[in-house]
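Please read the structure below before turning to the comments.
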Amino acid sequence: MNAWHPFFQLLLTRLREFYREPEVLFWVYGFPLLLALGLSIAFWSRKPEPTLVDVQAGPGAEQLAEKLRGPNMIVEVLDEDQCQRRRLTGKTMLYLVPLEDGGLKYVYDETQPESRSAYFQVDAALLRDKDPNWKPEENPTPEHGNRYIDFLLPGLLGMNLMGGGLWGVGFVIVDMRVRKLLKRLLATPMKRSHFLLSVLTGRMLMMLPEMLLLVLAGYYVFGVPIRGNPLTLALFVFLGAAAFSGIGLLLASRTDKTETISGLINLVLLPMWLLSGTFFSSKRFPDVVQPIIQALPLTQLNNALREIMLEGATFSEVAWRAAILAAWALGCFLLGLRWFRWQ
């Protein structure tokens, strides 16, 4: 008998279990696609909201507000307490205080990009008021590749790869241990590595249609570009799936309760969702924590997917990111194999 016969039989068993449960098909393929479509529609080519600016009531306040009002700026005249309260609660970006000598005081939070943007908008509007003949040259041409949806879709790919690897491997193994299925498999003529490889391989095979659907939806529905080599993109999808499947295996190697594995998975998921640039750039965090952030597998996966899809990066330019993902995959699998127990 072929030495790998147990592996192939276990893999077929995993695939049959998967496709015989319609609700699993929805959560693996349907839900990530609906999530991606929902977020993509919310942020697809959306124009910025009008800037909210308040003017503190006083001499000249109404005239100043009238100068600033326009299609891109909403201006209200309010008393000092209301202006302060609205700024502190984020209902307005800044407020203006007309001074007795004809000057103007800007009250805003310089650490907030929206407030600084509002400051420059107000300044430009007042400059145009002083010189009515001055008009800026405008060329509003949104480019595919620099929209938020273009930034978001690779992050969603990475997020789904991480969630699928952790839940599809880690939770499944613990659930089998709780139901005493692993104890029964222990009595069969197979190696431990065959069983673990079959779970990992099954998860990665199920992941391929999911990733293909997301990439095609982004490309054909929302115009997200794929400027790099599709084979390089596919390689990083594979490495990401392998890395997170390995982490899921490591978490499940000795866990014997579904409640425990759920907590461990969330302990891994939530920090990486926050730190690894899924919904916003990881460079927003201080330099002191950047080495930790860059060591996370989701950070390297998200950055590599964006560089390949949006910047057309070649494999040689992102090879070091591939090495980090491969190290996570191999290291976690070997540790999980070493520490794994059947019951």
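Starting from 1 in every chain, residues are counted up; chains themselves are A, B, ... following the order of the structure tokens, and ligands are numbered from 1 as listed.
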Excluding Gly70 of chain A and its own-chain neighbours fewer than 4 positions away, which residues fall within 12 Å of it when counting only C-alpha atoms? Please give them as a list in words. Pro50, Thr51, Leu52, Val53, Ala65, Glu66, Ile74, Val75, Glu76, Gln121, Val122 and Ala125 of chain A
Apply DSSP to the structure's backbone, then extract all residues of segment 179-303 of chain A labelled alpha helix (DSSP H) and return them as an NGL selection string. :A and (181-185 or 192-221 or 230-252 or 258-275 or 290-295 or 297-303)
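Residues in contact with Arg86 of chain A at 12 Å, where only C-alpha atoms are counted and same-chain residues fewer than 2 positions away are skipped, are listed as Leu52, Val53, Asp54, Val55, Gln56, Glu76, Val77, Leu78, Asp79, Glu80, Asp81, Gln82, Cys83, Gln84, Leu88, Thr89, Gly90, Lys91, Thr92, Met93, Leu94, Tyr95, Val107 and Tyr108 of chain A.
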So, with only C-alpha atoms as the atoms that count, which of A:Leu68, A:Trp342, A:Pro113, A:Pro286 lies closest to Leu182 of chain A?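 Using only C-alpha atoms, the shortest distance to Leu182 of chain A belongs to A:Trp342.
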Which residue, A:Gln9, A:Ala61, A:Leu166, A:Arg85, has the smallest gap to Gly103 of chain A when you use only C-alpha atoms?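 Checking each of A:Gln9, A:Ala61, A:Leu166, A:Arg85 against Gly103 of chain A, counting only C-alpha atoms, the winner is A:Ala61.
Nearest residue to Ala326 of chain A among A:Tyr106, A:Trp167, A:Phe236, A:Tyr148 is A:Phe236, counting only C-alpha atoms.
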Which polymer residues have any atom within 10 Å of an atom of Ser281 of chain A, counting only C-alpha atoms, with same-chain residues fewer than 3 positions away left out, as a list in words?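 Surrounding residues, per the criterion: Phe151, Gly155, Leu274, Leu275, Ser276, Gly277, Thr278, Arg284, Phe285, Thr299, Asn302 and Asn303 of chain A.
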Take the residues that were just selected and, keeping N, CA and C atoms, output them as an mmCIF file, in the first residue's frame.
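Result went into result-v1.cif, see below:
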```
data_model
loop_
_atom_site.group_PDB
_atom_site.id
_atom_site.type_symbol
_atom_site.label_atom_id
_atom_site.label_comp_id
_atom_site.auth_asym_id
_atom_site.auth_seq_id
_atom_site.Cartn_x
_atom_site.Cartn_y
_atom_site.Cartn_z
ATOM 1 N N PHE A 151 -7.103 50.047 -1.386
ATOM 2 C CA PHE A 151 -6.347 49.715 -0.171
ATOM 3 C C PHE A 151 -7.059 48.630 0.626
ATOM 4 N N GLY A 155 -6.451 43.982 2.120
ATOM 5 C CA GLY A 155 -6.598 43.745 3.547
ATOM 6 C C GLY A 155 -7.691 42.734 3.845
ATOM 7 N N LEU A 274 -6.046 44.900 14.194
ATOM 8 C CA LEU A 274 -5.791 46.285 14.572
ATOM 9 C C LEU A 274 -4.432 46.773 14.092
ATOM 10 N N LEU A 275 -3.395 45.938 14.243
ATOM 11 C CA LEU A 275 -2.025 46.392 14.025
ATOM 12 C C LEU A 275 -1.516 46.203 12.605
ATOM 13 N N SER A 276 -2.069 45.253 11.872
ATOM 14 C CA SER A 276 -1.425 44.809 10.631
ATOM 15 C C SER A 276 -1.906 45.499 9.366
ATOM 16 N N GLY A 277 -2.609 46.605 9.482
ATOM 17 C CA GLY A 277 -2.965 47.361 8.290
ATOM 18 C C GLY A 277 -4.086 46.763 7.478
ATOM 19 N N THR A 278 -5.091 46.200 8.138
ATOM 20 C CA THR A 278 -6.231 45.654 7.401
ATOM 21 C C THR A 278 -7.148 46.765 6.903
ATOM 22 N N ARG A 284 0.672 54.140 10.984
ATOM 23 C CA ARG A 284 0.112 55.124 11.912
ATOM 24 C C ARG A 284 0.562 54.878 13.349
ATOM 25 N N PHE A 285 1.035 53.687 13.636
ATOM 26 C CA PHE A 285 1.480 53.382 14.989
ATOM 27 C C PHE A 285 2.900 53.914 15.199
ATOM 28 N N THR A 299 0.765 41.449 8.684
ATOM 29 C CA THR A 299 1.373 42.681 8.167
ATOM 30 C C THR A 299 2.101 42.403 6.864
ATOM 31 N N ASN A 302 -0.505 41.452 4.044
ATOM 32 C CA ASN A 302 -1.242 42.618 3.539
ATOM 33 C C ASN A 302 -0.352 43.514 2.688
ATOM 34 N N ASN A 303 0.851 43.793 3.182
ATOM 35 C CA ASN A 303 1.759 44.669 2.436
ATOM 36 C C ASN A 303 2.157 44.050 1.103
#
```
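Between Phe31 of chain A and the candidates A:Met204, A:Leu214, A:Arg177, A:Glu110, the tightest atom-to-atom separation, counting only C-alpha atoms, involves A:Leu214.
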Quick check, in Å to one decimal: how far apart do atom CA of Leu37 of chain A and atom CA of Met159 of chain A lie?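 Separating atom CA of Leu37 of chain A from atom CA of Met159 of chain A is a distance of 14.3 Å.
Among A:Ile173, A:Ala217, A:Ile149, A:Leu64, the residue with the shortest atom-to-atom distance to Lys257 of chain A, counting only C-alpha atoms, is A:Ile173.
Among A:Ser253, A:Ala124, A:Ala313, A:Leu33, the residue with the shortest atom-to-atom distance to Met211 of chain A, counting only C-alpha atoms, is A:Leu33.
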Could you jot down the atom CA of Leu249 of chain A to atom CA of Gly170 of chain A separation for me, Å, one decimal place?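 It comes out at 5.2 Å.
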When you draw a straight line from atom CA of Val178 of chain A to atom CA of Asp256 of chain A, how long is it in Å?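 If I compute the distance from atom CA of Val178 of chain A to atom CA of Asp256 of chain A, I get 6.3 Å.
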